[in-house]
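Note sheet for the following structure.
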Amino acid sequence: MSKNGKIRKASHAGGWYTDSGAELNAQLESWLSKASVSLKPARAIIAPHAGYYFCGACGAFAYRQVDPNSVKRVFILGPSHHVRMSNCALSGMDTYETPLYNLTIDKGVYEELYGTGAFDTMSLNTDEAEHSLEMHLPYIAKVMESRKGQFTIVPILVGSLSPDKEVKYGQILSPYLRDPGNLFVISSDFCHWGKRFSYTHYEKSNGKIWQSIESLDRMGMDIIEKMDPSAFTKYLQTFQNTICGRHPIGVLLNAIDQLRHTSNGIRMEMKFLMYAQSSQCETMHDSSVSYASAAFVMQ
């Protein structure tokens with residue numbers, strides 16, 4: 001244990017992204033410089049969590065909408081890839097390491113969340129094996145570098161929630177979303193297509209396979225932009241699209257829905273700003289993963 005308490009190592013650095021702070025900083029700056037500002041200041045973003053070679057450029061379009069001057073706390077909601085969970089879990093660590101600088105977990109907010117009785121604690125092995133939270137840490141550190149040491153993070157690992165539990169967690173988190181000092185980062189890739197993902201939905205009327213995938217993804221993206229949690233659940237049930245962050249997205253949509261019902265006169269907008277695929281599938285032997293970046297604002 002260091003003077004910063006228990007530290008979660010940047011376990012995917014050197015593999016999923018570079019472990020060189022200088023090289024990482026240059027990559028992030030390059031991607032951010034090519035992304036346009038269109039929906040700022042974001043109160044929430046949706047961004048991918050694959051290796052930066054595949055999705056770093058796409059993620060920049062979400063992070064470009066963040067105004068660090070208004071952010072004091074960053075909530076990160078990511079799906080659990082390795083451990084089956086029916087609830088949400090918090091980290092047992094005090095600090096998350098990145099090659100840029102380390103990020104401090106907000107223990108005060110953690111205590112409030114534990115007080116609801118709805119949150120478990122993930123083991124260190126689960127924490128360090130999971131990439132859905134870690135892949136956002138360098139981007140958070142980069143866009144918040146002017147506020148280094150003046151903001152905290154609230155990592156939340158999201159399990160395979162039922163629709164009722166997505167409502168429950170949305171209700172718990174909606175007061176935090178209402179606070180303009182909080183930024184929500186929702187970690188999700190979109191369609192995982194191919195036999196290796198056990199998902200080969202193909203609507204031939206939409207053209208080639210990759211065009212069918214994009215059409216399916218955009219159908220879901222349109223529903224997310226409408227901020228309709230029940231319609232998003234129905235879409236997933238109908239098409240079984242392999243959106244790995246569907247439960248974190250569902251929690252966000254329910255938090256927004258809760259605010260809609262309790263706040264009058266607040267303007268809300270969700271918009272997708274970039275879409276990409278790891279490759280363009282032409283045959284049933286191919287595979288790809290889709291990436292999308294969105295921003296949510298409220299005034």
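FYI, nothing fancy with the structure tokens labels: chains A, B, ... in order, residues from 1 per chain, ligands from 1 as they appear.
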
Which of range 32-237 of chain A end up as alpha helix (DSSP H) when DSSP is run on this backbone - answer as an MDAnalysis selection string? chainID A and resid 32:33 52:63 107:114 124:129 137:143 163:178 209:225 229:237

Mind checking which residues fall within 7 Å of Ser288 in chain A, counting only C-alpha atoms, ignoring those fewer than 5 positions away in the same chain, and posting them as a ChimeraX atom specification? /A:192-194,277-281

Under the rule that only C-alpha atoms are counted, which of A:Asp67, A:Glu111, A:Asp164, A:Glu97 is the nearest residue to Val297 in chain A? A:Asp67

For range 250-267 of chain A, work out the shell of residues within 6 Å, counting only C-alpha atoms and skipping chain neighbours fewer than 2 positions away, then give it as a ChimeraX atom specification. /A:166-167,170-171,174,227,229,246-248,298-299

Contact residues around Tyr17 in chain A with only C-alpha atoms at 9 Å, ignoring same-chain residues under 5 positions, as a PDB file with all heavy atoms, in the first residue's frame:
ATOM      1  N   HIS A  12      -4.053  -2.976 -18.309  1.00  0.00           N
ATOM      2  CA  HIS A  12      -4.147  -3.143 -19.758  1.00  0.00           C
ATOM      3  C   HIS A  12      -3.185  -2.235 -20.528  1.00  0.00           C
ATOM      4  O   HIS A  12      -3.120  -2.296 -21.758  1.00  0.00           O
ATOM      5  CB  HIS A  12      -5.591  -2.897 -20.225  1.00  0.00           C
ATOM      6  CG  HIS A  12      -6.545  -3.957 -19.738  1.00  0.00           C
ATOM      7  ND1 HIS A  12      -7.001  -3.982 -18.438  1.00  0.00           N
ATOM      8  CD2 HIS A  12      -7.095  -5.025 -20.362  1.00  0.00           C
ATOM      9  CE1 HIS A  12      -7.806  -5.019 -18.286  1.00  0.00           C
ATOM     10  NE2 HIS A  12      -7.873  -5.666 -19.427  1.00  0.00           N
ATOM     11  N   LEU A  24       1.210   8.149 -25.139  1.00  0.00           N
ATOM     12  CA  LEU A  24      -0.238   8.157 -24.912  1.00  0.00           C
ATOM     13  C   LEU A  24      -0.791   9.570 -24.984  1.00  0.00           C
ATOM     14  O   LEU A  24      -1.825   9.822 -25.619  1.00  0.00           O
ATOM     15  CB  LEU A  24      -0.535   7.537 -23.548  1.00  0.00           C
ATOM     16  CG  LEU A  24      -1.998   7.447 -23.120  1.00  0.00           C
ATOM     17  CD1 LEU A  24      -2.816   6.626 -24.101  1.00  0.00           C
ATOM     18  CD2 LEU A  24      -2.088   6.849 -21.708  1.00  0.00           C
ATOM     19  N   GLY A  51      -9.491  -1.678 -27.647  1.00  0.00           N
ATOM     20  CA  GLY A  51      -8.128  -1.181 -27.745  1.00  0.00           C
ATOM     21  C   GLY A  51      -8.098   0.127 -28.524  1.00  0.00           C
ATOM     22  O   GLY A  51      -8.867   0.331 -29.460  1.00  0.00           O
ATOM     23  N   TYR A  52      -7.204   1.026 -28.138  1.00  0.00           N
ATOM     24  CA  TYR A  52      -7.183   2.355 -28.750  1.00  0.00           C
ATOM     25  C   TYR A  52      -6.875   2.311 -30.243  1.00  0.00           C
ATOM     26  O   TYR A  52      -7.276   3.211 -30.988  1.00  0.00           O
ATOM     27  CB  TYR A  52      -6.172   3.241 -28.023  1.00  0.00           C
ATOM     28  CG  TYR A  52      -6.687   3.821 -26.719  1.00  0.00           C
ATOM     29  CD1 TYR A  52      -7.953   3.509 -26.238  1.00  0.00           C
ATOM     30  CD2 TYR A  52      -5.901   4.687 -25.980  1.00  0.00           C
ATOM     31  CE1 TYR A  52      -8.418   4.044 -25.053  1.00  0.00           C
ATOM     32  CE2 TYR A  52      -6.354   5.234 -24.781  1.00  0.00           C
ATOM     33  CZ  TYR A  52      -7.612   4.911 -24.322  1.00  0.00           C
ATOM     34  OH  TYR A  52      -8.075   5.448 -23.148  1.00  0.00           O
ATOM     35  N   TYR A  53      -6.178   1.285 -30.699  1.00  0.00           N
ATOM     36  CA  TYR A  53      -5.918   1.145 -32.139  1.00  0.00           C
ATOM     37  C   TYR A  53      -7.223   1.099 -32.915  1.00  0.00           C
ATOM     38  O   TYR A  53      -7.326   1.628 -34.025  1.00  0.00           O
ATOM     39  CB  TYR A  53      -5.104  -0.125 -32.394  1.00  0.00           C
ATOM     40  CG  TYR A  53      -4.907  -0.463 -33.857  1.00  0.00           C
ATOM     41  CD1 TYR A  53      -3.890   0.133 -34.601  1.00  0.00           C
ATOM     42  CD2 TYR A  53      -5.764  -1.370 -34.500  1.00  0.00           C
ATOM     43  CE1 TYR A  53      -3.714  -0.171 -35.941  1.00  0.00           C
ATOM     44  CE2 TYR A  53      -5.598  -1.680 -35.840  1.00  0.00           C
ATOM     45  CZ  TYR A  53      -4.579  -1.087 -36.561  1.00  0.00           C
ATOM     46  OH  TYR A  53      -4.411  -1.379 -37.896  1.00  0.00           O
ATOM     47  N   MET A 135     -10.305   1.484 -19.800  1.00  0.00           N
ATOM     48  CA  MET A 135     -10.052   2.087 -21.109  1.00  0.00           C
ATOM     49  C   MET A 135     -10.500   3.547 -21.186  1.00  0.00           C
ATOM     50  O   MET A 135     -10.121   4.274 -22.100  1.00  0.00           O
ATOM     51  CB  MET A 135     -10.708   1.270 -22.214  1.00  0.00           C
ATOM     52  CG  MET A 135     -10.145  -0.147 -22.352  1.00  0.00           C
ATOM     53  SD  MET A 135      -8.340  -0.203 -22.533  1.00  0.00           S
ATOM     54  CE  MET A 135      -8.132   0.613 -24.117  1.00  0.00           C
TER      55      MET A 135
END

For the structure I just gave you, how does DSSP split range 49-266 of chain A - specifically, which residues are strand (DSSP E)? Reply as a ChimeraX atom specification. /A:73-79,88-90,95-96,103-104,119-121,152-158,182-187,192-193

Grab the CA of Leu90 in chain A to CA of Arg73 in chain A distance for me, in Å with one decimal place. 15.4 Å

Long-range neighbours of His201 in chain A as a list in words, 10 Å cut-off, only C-alpha atoms, 4 positions minimum in chain: Trp193, Gly194, Ile209, Ser212, Ile213, Leu216, Phe239, Gln240, Asn241 and Met284 of chain A

Would you mind exporting N, CA, C and O atoms of the selected residues as a PDB file, in the first residue's frame?
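Written out: result.pdb:
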ATOM      1  N   TRP A 193     -20.280  -8.625 -34.155  1.00  0.00           N
ATOM      2  CA  TRP A 193     -20.883  -9.471 -35.203  1.00  0.00           C
ATOM      3  C   TRP A 193     -19.907 -10.542 -35.671  1.00  0.00           C
ATOM      4  O   TRP A 193     -18.719 -10.287 -35.864  1.00  0.00           O
ATOM      5  N   GLY A 194     -20.427 -11.739 -35.855  1.00  0.00           N
ATOM      6  CA  GLY A 194     -19.624 -12.836 -36.384  1.00  0.00           C
ATOM      7  C   GLY A 194     -19.829 -14.103 -35.584  1.00  0.00           C
ATOM      8  O   GLY A 194     -20.359 -14.089 -34.468  1.00  0.00           O
ATOM      9  N   ILE A 209     -23.247  -7.076 -45.495  1.00  0.00           N
ATOM     10  CA  ILE A 209     -23.339  -7.400 -44.076  1.00  0.00           C
ATOM     11  C   ILE A 209     -22.995  -6.191 -43.206  1.00  0.00           C
ATOM     12  O   ILE A 209     -23.703  -5.872 -42.250  1.00  0.00           O
ATOM     13  N   SER A 212     -25.816  -3.839 -43.059  1.00  0.00           N
ATOM     14  CA  SER A 212     -26.881  -4.355 -42.198  1.00  0.00           C
ATOM     15  C   SER A 212     -26.545  -4.122 -40.725  1.00  0.00           C
ATOM     16  O   SER A 212     -27.423  -3.732 -39.931  1.00  0.00           O
ATOM     17  N   ILE A 213     -25.275  -4.334 -40.369  1.00  0.00           N
ATOM     18  CA  ILE A 213     -24.832  -4.095 -38.993  1.00  0.00           C
ATOM     19  C   ILE A 213     -25.018  -2.623 -38.627  1.00  0.00           C
ATOM     20  O   ILE A 213     -25.557  -2.288 -37.558  1.00  0.00           O
ATOM     21  N   LEU A 216     -28.651  -1.771 -38.093  1.00  0.00           N
ATOM     22  CA  LEU A 216     -29.115  -2.274 -36.803  1.00  0.00           C
ATOM     23  C   LEU A 216     -28.607  -1.403 -35.657  1.00  0.00           C
ATOM     24  O   LEU A 216     -29.363  -1.054 -34.734  1.00  0.00           O
ATOM     25  N   PHE A 239     -34.052  -7.726 -31.304  1.00  0.00           N
ATOM     26  CA  PHE A 239     -32.931  -7.988 -32.207  1.00  0.00           C
ATOM     27  C   PHE A 239     -31.729  -8.647 -31.542  1.00  0.00           C
ATOM     28  O   PHE A 239     -30.824  -9.107 -32.242  1.00  0.00           O
ATOM     29  N   GLN A 240     -31.705  -8.658 -30.208  1.00  0.00           N
ATOM     30  CA  GLN A 240     -30.589  -9.271 -29.472  1.00  0.00           C
ATOM     31  C   GLN A 240     -29.242  -8.673 -29.863  1.00  0.00           C
ATOM     32  O   GLN A 240     -28.211  -9.360 -29.833  1.00  0.00           O
ATOM     33  N   ASN A 241     -29.232  -7.407 -30.270  1.00  0.00           N
ATOM     34  CA  ASN A 241     -27.967  -6.794 -30.669  1.00  0.00           C
ATOM     35  C   ASN A 241     -26.968  -6.865 -29.517  1.00  0.00           C
ATOM     36  O   ASN A 241     -27.295  -6.576 -28.365  1.00  0.00           O
ATOM     37  N   MET A 284     -19.992 -14.326 -44.252  1.00  0.00           N
ATOM     38  CA  MET A 284     -20.381 -14.875 -42.964  1.00  0.00           C
ATOM     39  C   MET A 284     -19.175 -15.383 -42.170  1.00  0.00           C
ATOM     40  O   MET A 284     -19.311 -15.748 -41.007  1.00  0.00           O
TER      41      MET A 284
END

Across A:Ser11, A:Val74, A:Asp127, A:Leu273, the smallest distance to Val109 in chain A, with only C-alpha atoms counted, is shown by A:Val74

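Between CA of Asp189 in chain A and CA of Gly149 in chain A lies a distance of 29.4 Å.
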
Suppose you want the space between CA of Ser230 in chain A and CA of Gly181 in chain A; what is it in Å?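 CA of Gly181 in chain A lies 27.9 Å from CA of Ser230 in chain A.
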
Here is a test: counting only C-alpha atoms, which residue of A:His285, A:Arg218, A:Arg64, A:Arg8 is nearest to Met122 in chain A?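 Using only C-alpha atoms, the shortest distance to Met122 in chain A belongs to A:Arg8.
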
Can you check which parts of range 58-172 of chain A lie within 9 Å of range 184-187 of chain A? Per residue, the shortest pair of atoms and distance in Å to one decimal, counting only C-alpha atoms, sorted by chain and number, as a tab-separated table.
residue	atom	partner	partner_atom	distance
A:Arg73	CA	A:Phe184	CA	8.7
A:Val74	CA	A:Phe184	CA	5.9
A:Phe75	CA	A:Phe184	CA	4.7
A:Ile76	CA	A:Val185	CA	4.7
A:Leu77	CA	A:Ile186	CA	5.1
A:Gly78	CA	A:Ser187	CA	4.8
A:Pro79	CA	A:Ser187	CA	7.2
A:Ser132	CA	A:Ser187	CA	6.1
A:Leu133	CA	A:Ser187	CA	7.0
A:Met135	CA	A:Ser187	CA	8.6
A:His136	CA	A:Ser187	CA	7.6

May I have the residues within 10 Å of Ala276 in chain A as a list in words, using only C-alpha atoms and disregarding those fewer than 3 positions away in the same chain?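 Listed by chain and then number, they are Phe54, Cys55, Ala57, Cys58, Phe190, Glu214, Ser279, Gln280, Val289, Ser290, Tyr291, Ala292 and Ser293 of chain A.
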
Got a sec: who's within 9 Å of Ser20 in chain A, counting only C-alpha atoms, leaving out chain neighbours fewer than 5 positions off, as a PyMOL selection string? chain A and resi 13-14+25+99-100

All heavy atoms of the current selection, written as a short mmCIF file (atom, residue, chain, number, x, y, z; two decimals), in the first residue's frame:
data_model
loop_
_atom_site.label_atom_id
_atom_site.label_comp_id
_atom_site.auth_asym_id
_atom_site.auth_seq_id
_atom_site.Cartn_x
_atom_site.Cartn_y
_atom_site.Cartn_z
N ALA A 13 -2.45 -1.40 -19.79
CA ALA A 13 -1.43 -0.57 -20.43
C ALA A 13 -0.31 -1.47 -20.95
O ALA A 13 0.05 -2.46 -20.32
CB ALA A 13 -0.87 0.45 -19.44
N GLY A 14 0.20 -1.13 -22.12
CA GLY A 14 1.23 -1.96 -22.74
C GLY A 14 0.65 -3.05 -23.62
O GLY A 14 1.40 -3.78 -24.25
N ASN A 25 -0.10 10.51 -24.37
CA ASN A 25 -0.53 11.90 -24.39
C ASN A 25 -0.60 12.43 -25.82
O ASN A 25 -1.57 13.10 -26.21
CB ASN A 25 0.43 12.76 -23.56
CG ASN A 25 -0.03 14.19 -23.45
OD1 ASN A 25 -1.04 14.49 -22.83
ND2 ASN A 25 0.73 15.11 -24.04
N PRO A 99 -1.03 5.80 -17.15
CA PRO A 99 0.32 6.25 -17.54
C PRO A 99 0.48 7.76 -17.51
O PRO A 99 1.62 8.25 -17.56
CB PRO A 99 0.46 5.71 -18.97
CG PRO A 99 -0.48 4.55 -19.04
CD PRO A 99 -1.65 4.96 -18.20
N LEU A 100 -0.62 8.52 -17.43
CA LEU A 100 -0.53 9.98 -17.39
C LEU A 100 -0.39 10.46 -15.95
O LEU A 100 0.56 11.12 -15.59
CB LEU A 100 -1.76 10.59 -18.05
CG LEU A 100 -1.97 10.23 -19.53
CD1 LEU A 100 -3.23 10.91 -20.08
CD2 LEU A 100 -0.76 10.61 -20.37
#

Pick from A:Leu157, A:Ala50, A:Leu32, A:Leu124, whichever lies nearest to Arg84 in chain A using only C-alpha atoms: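 Of A:Leu157, A:Ala50, A:Leu32, A:Leu124, the one nearest Arg84 in chain A, counting only C-alpha atoms, is A:Leu157.
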
Choose the residue, out of A:Pro180, A:Gly159, A:Gly207, A:Gly115, that has the smallest atom-to-atom separation from Ser80 in chain A; count only C-alpha atoms.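 Closest to Ser80 in chain A of all the choices is A:Gly159.
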
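Counting only C-alpha atoms, the residue from A:Trp210, A:Leu173, A:Glu145, A:Met274 that sits nearest to Lys34 in chain A is A:Met274.
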